[in-house]
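The structure file upload.cif is reproduced below (mmCIF, C-alpha atoms).
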```
data_coords
loop_
_atom_site.label_atom_id
_atom_site.label_comp_id
_atom_site.auth_asym_id
_atom_site.auth_seq_id
_atom_site.Cartn_x
_atom_site.Cartn_y
_atom_site.Cartn_z
CA MET A 220 3.62 8.52 -24.72
CA PHE A 221 1.30 8.18 -21.74
CA GLY A 222 -1.71 7.08 -23.81
CA ILE A 223 -2.15 3.82 -21.94
CA PHE A 224 -2.63 5.79 -18.71
CA LYS A 225 -5.66 7.66 -20.03
CA PRO A 226 -8.31 8.22 -17.32
CA ARG A 227 -10.77 6.02 -19.19
CA THR A 228 -8.49 2.96 -19.02
CA PHE A 229 -8.66 2.71 -15.25
CA PHE A 230 -12.21 3.98 -15.05
CA ASN A 231 -13.41 1.16 -17.30
CA LEU A 232 -11.23 -1.31 -15.42
CA ALA A 233 -12.89 -0.21 -12.18
CA ASN A 234 -16.35 -0.71 -13.67
CA THR A 235 -15.70 -4.14 -15.11
CA SER A 236 -13.12 -5.92 -13.00
CA ILE A 237 -13.71 -5.19 -9.31
CA PHE A 238 -16.14 -8.10 -8.87
CA TRP A 239 -13.66 -10.63 -10.29
CA LEU A 240 -10.77 -9.08 -8.39
CA LYS A 241 -12.74 -9.54 -5.16
CA ILE A 242 -13.20 -13.24 -5.91
CA ILE A 243 -9.49 -13.71 -6.67
CA PHE A 244 -8.58 -11.77 -3.51
CA ALA A 245 -10.89 -13.85 -1.29
CA PHE A 246 -9.49 -17.11 -2.68
CA ALA A 247 -5.85 -16.00 -2.36
CA LEU A 248 -6.42 -14.65 1.16
CA VAL A 249 -8.04 -17.88 2.42
CA VAL A 250 -5.26 -20.03 0.91
CA GLY A 251 -2.59 -17.62 2.19
CA LEU A 252 -4.01 -17.54 5.74
CA ILE A 253 -4.34 -21.33 5.95
CA LEU A 254 -0.76 -21.81 4.75
CA SER A 255 0.57 -19.03 7.01
CA LEU A 256 -1.21 -19.98 10.21
CA VAL A 257 -1.54 -23.76 9.90
CA PHE A 258 0.81 -25.41 7.43
CA SER A 259 3.95 -23.27 7.37
CA PRO A 260 6.66 -24.62 9.70
CA THR A 261 7.94 -22.82 12.77
CA ASP A 262 11.34 -21.18 12.60
CA TYR A 263 14.11 -22.97 14.52
CA LEU A 264 15.05 -19.74 16.30
CA GLN A 265 11.93 -17.55 16.30
CA LYS A 266 9.46 -20.44 16.70
CA ASP A 267 5.84 -19.52 15.91
CA SER A 268 6.45 -15.76 16.04
CA VAL A 269 7.76 -16.06 12.47
CA ARG A 270 4.11 -16.24 11.33
CA ILE A 271 3.93 -12.45 11.76
CA MET A 272 6.26 -12.29 8.74
CA TYR A 273 3.38 -13.26 6.42
CA VAL A 274 1.65 -9.97 7.21
CA HIS A 275 4.66 -7.78 7.98
CA VAL A 276 6.81 -8.42 4.88
CA PRO A 277 4.07 -8.10 2.19
CA SER A 278 2.85 -4.89 3.87
CA SER A 279 6.38 -3.45 3.83
CA TRP A 280 6.92 -4.37 0.18
CA ILE A 281 3.60 -2.83 -0.87
CA SER A 282 4.15 0.38 1.12
CA LEU A 283 7.55 0.85 -0.54
CA PHE A 284 6.28 -0.04 -4.00
CA ILE A 285 3.32 2.34 -3.70
CA PHE A 286 5.55 5.22 -2.68
CA LEU A 287 7.81 4.45 -5.63
CA ILE A 288 4.77 4.78 -7.93
CA ILE A 289 3.70 7.99 -6.14
CA GLY A 290 7.19 9.47 -6.62
CA ILE A 291 7.35 8.56 -10.32
CA SER A 292 3.77 9.78 -10.89
CA SER A 293 4.55 13.06 -9.13
CA PHE A 294 7.60 13.51 -11.35
CA ILE A 295 5.59 12.86 -14.53
CA SER A 296 2.81 15.17 -13.36
CA LEU A 297 5.20 17.98 -12.44
CA ILE A 298 7.60 17.76 -15.38
CA PHE A 299 5.41 16.50 -18.26
CA LYS A 300 2.20 18.20 -17.02
CA VAL A 301 0.15 15.01 -17.33
CA ARG A 302 -2.18 15.72 -14.45
CA VAL A 303 -3.91 12.38 -14.38
CA PHE A 304 -0.76 11.02 -12.73
CA SER A 305 -1.49 13.23 -9.72
CA VAL A 306 -4.87 11.55 -9.50
CA TYR A 307 -3.14 8.13 -9.54
CA ALA A 308 -0.78 9.23 -6.79
CA LYS A 309 -3.56 10.78 -4.71
CA SER A 310 -5.64 7.59 -5.00
CA LEU A 311 -2.70 5.39 -3.98
CA ALA A 312 -1.43 7.41 -1.01
CA PRO A 313 -3.96 6.30 1.66
CA ILE A 314 -3.36 2.65 0.66
CA GLY A 315 0.39 3.08 1.05
CA LEU A 316 -0.13 4.85 4.38
CA VAL A 317 -2.21 1.99 5.79
CA PHE A 318 0.27 -0.65 4.62
CA SER A 319 3.21 1.29 6.08
CA LEU A 320 1.37 1.52 9.42
CA ILE A 321 0.68 -2.22 9.31
CA SER A 322 4.37 -2.79 8.60
CA ILE A 323 5.45 -0.66 11.59
CA VAL A 324 2.90 -2.12 14.04
CA THR A 325 3.39 -5.78 13.05
CA GLY A 326 7.15 -5.22 13.01
CA SER A 327 7.01 -3.96 16.60
CA LEU A 328 4.82 -6.89 17.64
CA TRP A 329 7.31 -9.25 16.01
CA GLY A 330 10.28 -7.38 17.46
CA TYR A 331 9.27 -7.77 21.11
CA PRO A 332 9.42 -11.58 21.31
CA THR A 333 12.51 -11.81 19.06
CA TRP A 334 14.60 -8.72 19.93
CA GLY A 335 13.20 -8.03 23.39
CA THR A 336 12.00 -4.55 22.44
CA PHE A 337 9.10 -3.07 20.49
CA TRP A 338 11.19 -0.31 18.95
CA SER A 339 14.76 0.76 18.28
CA TRP A 340 15.93 3.90 16.47
CA ASP A 341 18.14 2.03 14.04
CA GLY A 342 18.49 2.55 10.29
CA ARG A 343 15.66 0.35 9.02
CA LEU A 344 13.07 1.24 11.64
CA THR A 345 13.83 4.96 11.53
CA SER A 346 13.71 5.12 7.73
CA MET A 347 10.37 3.24 7.77
CA PHE A 348 9.12 5.73 10.35
CA VAL A 349 10.16 8.56 8.01
CA LEU A 350 8.16 6.85 5.23
CA VAL A 351 5.05 6.82 7.45
CA LEU A 352 5.56 10.53 8.21
CA THR A 353 5.98 11.27 4.48
CA TYR A 354 2.74 9.43 3.72
CA ILE A 355 0.95 11.37 6.49
CA LEU A 356 2.32 14.65 5.13
CA TYR A 357 1.31 13.76 1.56
CA VAL A 358 -2.25 12.75 2.50
CA SER A 359 -2.66 15.72 4.88
CA LEU A 360 -1.56 18.24 2.23
CA TRP A 361 -4.23 16.96 -0.15
CA SER A 362 -6.80 17.31 2.65
CA PHE A 363 -5.82 20.70 4.01
CA ILE A 364 -4.93 22.68 0.87
CA LYS A 365 -8.23 23.67 -0.68
CA ASN A 366 -6.86 24.99 -3.98
CA TYR A 367 -6.48 21.92 -6.21
CA ASN A 368 -3.62 23.29 -8.32
CA SER A 369 -1.57 24.34 -5.27
CA ALA A 370 -2.19 21.03 -3.52
CA GLU A 371 -1.16 19.17 -6.65
CA LYS A 372 2.07 21.12 -7.05
CA ILE A 373 3.12 20.80 -3.39
CA THR A 374 2.25 17.10 -3.12
CA ASN A 375 4.18 16.44 -6.34
CA ILE A 376 7.26 17.99 -4.73
CA VAL A 377 6.73 15.95 -1.54
CA GLY A 378 6.34 12.80 -3.64
CA ILE A 379 9.60 13.45 -5.51
CA ILE A 380 11.58 14.34 -2.36
CA GLY A 381 10.14 11.31 -0.57
CA LEU A 382 11.62 9.06 -3.25
CA ILE A 383 15.06 9.65 -1.69
CA ASN A 384 13.97 7.60 1.32
CA ILE A 385 13.15 4.45 -0.71
CA PRO A 386 16.75 3.32 -1.39
CA ILE A 387 17.65 4.35 2.17
CA ILE A 388 15.01 1.93 3.52
CA LYS A 389 16.08 -0.79 1.12
CA PHE A 390 19.81 -0.62 1.87
CA SER A 391 19.61 0.48 5.52
CA VAL A 392 20.23 -3.09 6.72
CA ALA A 393 23.45 -3.20 4.69
CA TRP A 394 24.70 0.33 5.43
CA TRP A 395 24.20 0.44 9.21
CA ASN A 396 24.24 -1.88 12.19
CA THR A 397 20.65 -2.77 12.84
CA LEU A 398 18.49 -5.20 14.78
CA HIS A 399 16.60 -5.88 11.58
CA GLN A 400 17.70 -8.90 9.62
CA PRO A 401 19.00 -8.51 6.03
CA ALA A 402 16.65 -9.23 3.12
CA SER A 403 15.96 -12.93 2.53
CA ILE A 404 14.45 -12.28 -0.90
CA THR A 405 16.10 -10.07 -3.51
CA LEU A 406 15.63 -9.61 -7.24
CA THR A 407 19.24 -10.47 -7.99
CA ALA A 408 19.82 -13.66 -5.98
CA ALA A 409 18.02 -16.88 -5.09
CA PRO A 410 15.88 -16.53 -1.93
CA THR A 411 17.47 -17.75 1.29
CA ILE A 412 14.07 -18.68 2.69
CA HIS A 413 12.70 -22.24 2.49
CA SER A 414 9.95 -22.87 -0.07
CA SER A 415 7.52 -23.94 2.69
CA MET A 416 7.74 -20.38 4.02
CA LEU A 417 8.21 -18.66 0.67
CA ALA A 418 4.92 -20.00 -0.75
CA PRO A 419 2.60 -18.52 1.94
CA LEU A 420 4.64 -15.30 1.89
CA LEU A 421 4.16 -14.87 -1.86
CA ILE A 422 0.49 -15.84 -1.73
CA MET A 423 -0.17 -13.30 1.04
CA PHE A 424 1.76 -10.71 -0.98
CA PHE A 425 -0.36 -11.54 -4.03
CA SER A 426 -3.61 -11.22 -2.07
CA PHE A 427 -2.51 -7.86 -0.61
CA CYS A 428 -1.60 -6.66 -4.12
CA ILE A 429 -5.07 -7.58 -5.39
CA LEU A 430 -6.70 -5.83 -2.42
CA SER A 431 -4.57 -2.75 -3.09
CA LEU A 432 -5.69 -2.79 -6.72
CA ILE A 433 -9.36 -3.06 -5.71
CA ILE A 434 -9.10 -0.16 -3.26
CA PHE A 435 -7.06 1.87 -5.76
CA LEU A 436 -9.73 1.43 -8.46
CA ILE A 437 -12.47 2.48 -6.03
CA ARG A 438 -10.53 5.54 -4.86
CA TYR A 439 -9.42 6.42 -8.39
CA LYS A 440 -13.03 6.37 -9.57
CA TYR A 441 -13.95 8.77 -6.76
CA GLU A 442 -10.99 11.07 -7.39
CA ILE A 443 -11.47 11.28 -11.15
CA ILE A 444 -15.19 12.07 -10.82
CA ASN A 445 -14.38 14.62 -8.14
CA PHE A 446 -11.67 16.14 -10.34
CA ARG A 447 -14.11 16.45 -13.22
CA VAL A 448 -16.83 18.01 -11.10
CA ASN A 449 -14.42 20.51 -9.55
CA LYS A 450 -13.29 21.54 -13.02
CA LYS A 451 -16.84 22.28 -14.16
CA MET B 479 -6.36 -28.50 20.10
CA ILE B 480 -8.02 -25.14 19.47
CA SER B 481 -6.32 -23.60 22.51
CA ASN B 482 -2.97 -24.91 21.23
CA PHE B 483 -3.65 -23.28 17.89
CA LEU B 484 -4.64 -19.99 19.50
CA ASN B 485 -1.65 -20.10 21.84
CA MET B 486 0.80 -20.54 18.92
CA GLY B 487 3.58 -21.82 21.14
CA GLY B 488 3.27 -18.87 23.51
CA TYR B 489 3.39 -16.21 20.77
CA GLY B 490 -0.38 -16.12 20.17
CA LEU B 491 -0.88 -12.64 21.61
CA TYR B 492 1.66 -11.05 19.22
CA ILE B 493 0.55 -13.08 16.20
CA TRP B 494 -3.19 -12.51 16.62
CA LEU B 495 -2.70 -8.83 17.43
CA SER B 496 -0.69 -8.44 14.21
CA TYR B 497 -3.28 -10.18 12.06
CA ALA B 498 -6.14 -8.36 13.80
CA PHE B 499 -4.51 -4.95 13.29
CA ALA B 500 -3.92 -5.68 9.60
CA ALA B 501 -7.49 -6.95 9.13
CA LEU B 502 -9.01 -3.98 10.94
CA SER B 503 -6.92 -1.38 9.09
CA LEU B 504 -7.54 -2.84 5.64
CA THR B 505 -11.26 -3.37 6.28
CA SER B 506 -11.58 0.25 7.46
CA LEU B 507 -9.69 1.53 4.41
CA TYR B 508 -11.94 -0.49 2.09
CA TYR B 509 -15.11 0.58 3.93
CA PHE B 510 -14.28 4.30 3.88
CA SER B 511 -13.18 4.14 0.23
CA VAL B 512 -16.50 2.56 -0.79
CA LYS B 513 -18.43 5.02 1.39
CA LYS B 514 -16.60 7.94 -0.25
CA LEU B 515 -17.40 6.64 -3.73
CA ASN B 516 -21.05 6.01 -2.86
CA SER B 517 -21.35 9.61 -1.66
CA ILE B 518 -20.88 10.86 -5.23
CA LYS B 519 -22.59 8.01 -7.10
CA ASN B 520 -25.44 10.33 -8.04
CA ILE B 521 -23.10 12.52 -10.10
CA GLU B 522 -21.20 9.72 -11.80
CA TYR B 523 -23.27 10.28 -14.95
CA LEU B 524 -21.60 13.68 -15.34
CA TYR B 525 -18.37 11.89 -15.88
CA GLN B 526 -19.62 9.04 -18.02
CA SER B 527 -21.79 11.17 -20.27
CA GLU B 528 -18.87 13.06 -21.77
CA LYS B 529 -15.49 12.21 -23.14
CA ILE B 530 -13.27 11.28 -20.22
CA GLU B 531 -10.10 12.14 -22.09
CA GLU B 532 -11.19 15.74 -21.76
CA VAL B 533 -10.08 15.65 -18.11
CA SER B 534 -6.44 15.23 -18.84
CA VAL B 535 -6.45 17.38 -21.95
CA SER B 536 -8.26 20.30 -20.36
CA ALA B 537 -6.15 19.97 -17.26
CA GLN B 538 -2.97 20.10 -19.28
CA ALA B 539 -4.26 23.12 -21.15
CA ASN B 540 -4.98 24.83 -17.85
CA ARG B 541 -1.43 24.41 -16.71
CA SER B 542 0.33 25.37 -19.92
#
```

As structure tokens, please, write out the structure in this file.
Amino acid sequence: MFGIFKPRTFFNLANTSIFWLKIIFAFALVVGLILSLVFSPTDYLQKDSVRIMYVHVPSSWISLFIFLIIGISSFISLIFKVRVFSVYAKSLAPIGLVFSLISIVTGSLWGYPTWGTFWSWDGRLTSMFVLVLTYILYVSLWSFIKNYNSAEKITNIVGIIGLINIPIIKFSVAWWNTLHQPASITLTAAPTIHSSMLAPLLIMFFSFCILSLIIFLIRYKYEIINFRVNKK
Amino acid sequence: MISNFLNMGGYGLYIWLSYAFAALSLTSLYYFSVKKLNSIKNIEYLYQSEKIEEVSVSAQANRS
């Protein structure tokens, strides 16, 4: 059932594709930055501060998506005993942590000129803060628990429990009064954002996805070798 | 013209701080990931010399 996720698949991918992924990332990043900082129009209300969106939104999406993968991987590892999924989750966690921190920091820097405050304990911001704490807990447990099997079991549980927060973050802007604006892009409806802003946003998102993949492959390679050596 | 671009209509400080923080964080993450991998490059052959599938299989056997 999980044959496609064999360790060798990603190990070979890491050996053969990182160079080309770096080229694609560099190209997408340059195009994305030029569109974001030069060609995208200013917002009629937020003026130029809207350009922070091109870093903030992709970072938020990736941090949520990575935790979703961590949660699902933890579930598969714990229930189906396919331990390579723990290695996937462990390799992804620091990437998700960094993107969630970028999301929080850039959100605060965007919030000050638009809301008049860096921070507010409302639904969206608080649930994102909880996500950062969950990431920190997950990464710390892997670092501090020396016994691999214990660390794996505990982090799997943290990963599964942390999944509860993902829909809370997603729907927080609908469930509670919040300073944060509702989503402009959803999977079920046409985006309410103009194409001149949507294009740089999607290109920046694409470049961040490629960078995440590159870093994941590097970290995965380390973790799988480490896993093998520890087992010897 | 350059100062206008850097000023970004008065929001330059927030915009450049955001981009700088993202760039710094992601560069650090990449750098430390590569450094970590390079630290065990000398034992990579241990992994590549044998069947990699053994990792998941033996690991599963350990647990069950």

Review point. Do you have the atom CA of Phe337 of chain A-atom CA of Met416 of chain A distance handy?
Key: 23.9 Å

Practice item. In Å, rounded to a single decimal, give me how far atom CA of Leu320 of chain A is from atom CA of Ser503 of chain B. Key: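 These atoms are spaced 8.8 Å apart.
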
Study note, to complete from the structure: Using only C-alpha atoms, the shortest atom-to-atom distance to chain A among B:Asn482, B:Ser506, B:Tyr492, B:Asn516 belongs to B:Tyr492

With a distance threshold of 6 Å and counting all atoms listed in the file, extract the residues of chain A near chain B and express them as an mmCIF file with C-alpha atoms, keeping the file's coordinate frame.
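Result file selection39.cif:
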```
data_model
loop_
_atom_site.group_PDB
_atom_site.id
_atom_site.type_symbol
_atom_site.label_atom_id
_atom_site.label_comp_id
_atom_site.auth_asym_id
_atom_site.auth_seq_id
_atom_site.Cartn_x
_atom_site.Cartn_y
_atom_site.Cartn_z
ATOM 1 C CA ARG A 227 -10.770 6.020 -19.190
ATOM 2 C CA ASP A 267 5.840 -19.520 15.910
ATOM 3 C CA SER A 268 6.450 -15.760 16.040
ATOM 4 C CA ILE A 271 3.930 -12.450 11.760
ATOM 5 C CA LYS A 300 2.200 18.200 -17.020
ATOM 6 C CA VAL A 303 -3.910 12.380 -14.380
ATOM 7 C CA ILE A 321 0.680 -2.220 9.310
ATOM 8 C CA THR A 325 3.390 -5.780 13.050
ATOM 9 C CA LEU A 328 4.820 -6.890 17.640
ATOM 10 C CA ARG A 438 -10.530 5.540 -4.860
ATOM 11 C CA TYR A 441 -13.950 8.770 -6.760
ATOM 12 C CA ILE A 444 -15.190 12.070 -10.820
#
```

Point to revise | Two-atom distance - atom CA of Ser327 of chain A, atom CA of Met347 of chain A (Å) | key: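 Spanning atom CA of Ser327 of chain A to atom CA of Met347 of chain A is a straight-line distance of 11.9 Å.
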
Exercise for review: Considering all atoms listed in the file, return as a ChimeraX atom specification whatever protein or nucleic-acid residues lie within 10 Å of Leu436 of chain A, sequence-local ones (same chain, fewer than 4 positions apart) excluded.
Suggested key: /A:229-234,236-237,307,310-311,430-432,440-442 /B:511

Write the residues you've just listed into a file as a PDB file, in the coordinates of the input, and include C-alpha atoms for each of them.
```
ATOM      1  CA  PHE A 229      -8.660   2.710 -15.250  1.00  0.00           C
ATOM      2  CA  PHE A 230     -12.210   3.980 -15.050  1.00  0.00           C
ATOM      3  CA  ASN A 231     -13.410   1.160 -17.300  1.00  0.00           C
ATOM      4  CA  LEU A 232     -11.230  -1.310 -15.420  1.00  0.00           C
ATOM      5  CA  ALA A 233     -12.890  -0.210 -12.180  1.00  0.00           C
ATOM      6  CA  ASN A 234     -16.350  -0.710 -13.670  1.00  0.00           C
ATOM      7  CA  SER A 236     -13.120  -5.920 -13.000  1.00  0.00           C
ATOM      8  CA  ILE A 237     -13.710  -5.190  -9.310  1.00  0.00           C
ATOM      9  CA  TYR A 307      -3.140   8.130  -9.540  1.00  0.00           C
ATOM     10  CA  SER A 310      -5.640   7.590  -5.000  1.00  0.00           C
ATOM     11  CA  LEU A 311      -2.700   5.390  -3.980  1.00  0.00           C
ATOM     12  CA  LEU A 430      -6.700  -5.830  -2.420  1.00  0.00           C
ATOM     13  CA  SER A 431      -4.570  -2.750  -3.090  1.00  0.00           C
ATOM     14  CA  LEU A 432      -5.690  -2.790  -6.720  1.00  0.00           C
ATOM     15  CA  LYS A 440     -13.030   6.370  -9.570  1.00  0.00           C
ATOM     16  CA  TYR A 441     -13.950   8.770  -6.760  1.00  0.00           C
ATOM     17  CA  GLU A 442     -10.990  11.070  -7.390  1.00  0.00           C
TER      18      GLU A 442
ATOM     19  CA  SER B 511     -13.180   4.140   0.230  1.00  0.00           C
TER      20      SER B 511
END
```

Segment 487-502 of chain B, all listed atoms, 4 Å padding on each side: what axis-aligned box centre and edge lengths in Å to one decimal come out, as AutoDock Vina command-line options?
```
--center_x -2.7 --center_y -12.9 --center_z 16.3 --size_x 20.6 --size_y 25.8 --size_z 22.4
```

Practice item. Determine, counting only C-alpha atoms, which protein, DNA and RNA residues have an atom within 7 Å of an atom of His275 of chain A; residues of the same chain fewer than 2 positions away are not included. Present the result as a ChimeraX atom specification. Key: /A:271-273,277-279,321-322,325-326

**Study point:** Expected residue set, 8 Å radius at (-6.2, 16.8, -10.7), only C-alpha atoms, as a PyMOL selection string
**Key:** (chain A and resi 302-303+305-306+367-368+371+443+446) or (chain B and resi 537)

Exercise for review: Name the residues that the PyMOL selection byres ((chain A and resi 250) around 12) pulls out of this structure, and write them as a VMD selection string.
Suggested key: chain A and resid 243 to 249 251 to 259 418 to 426
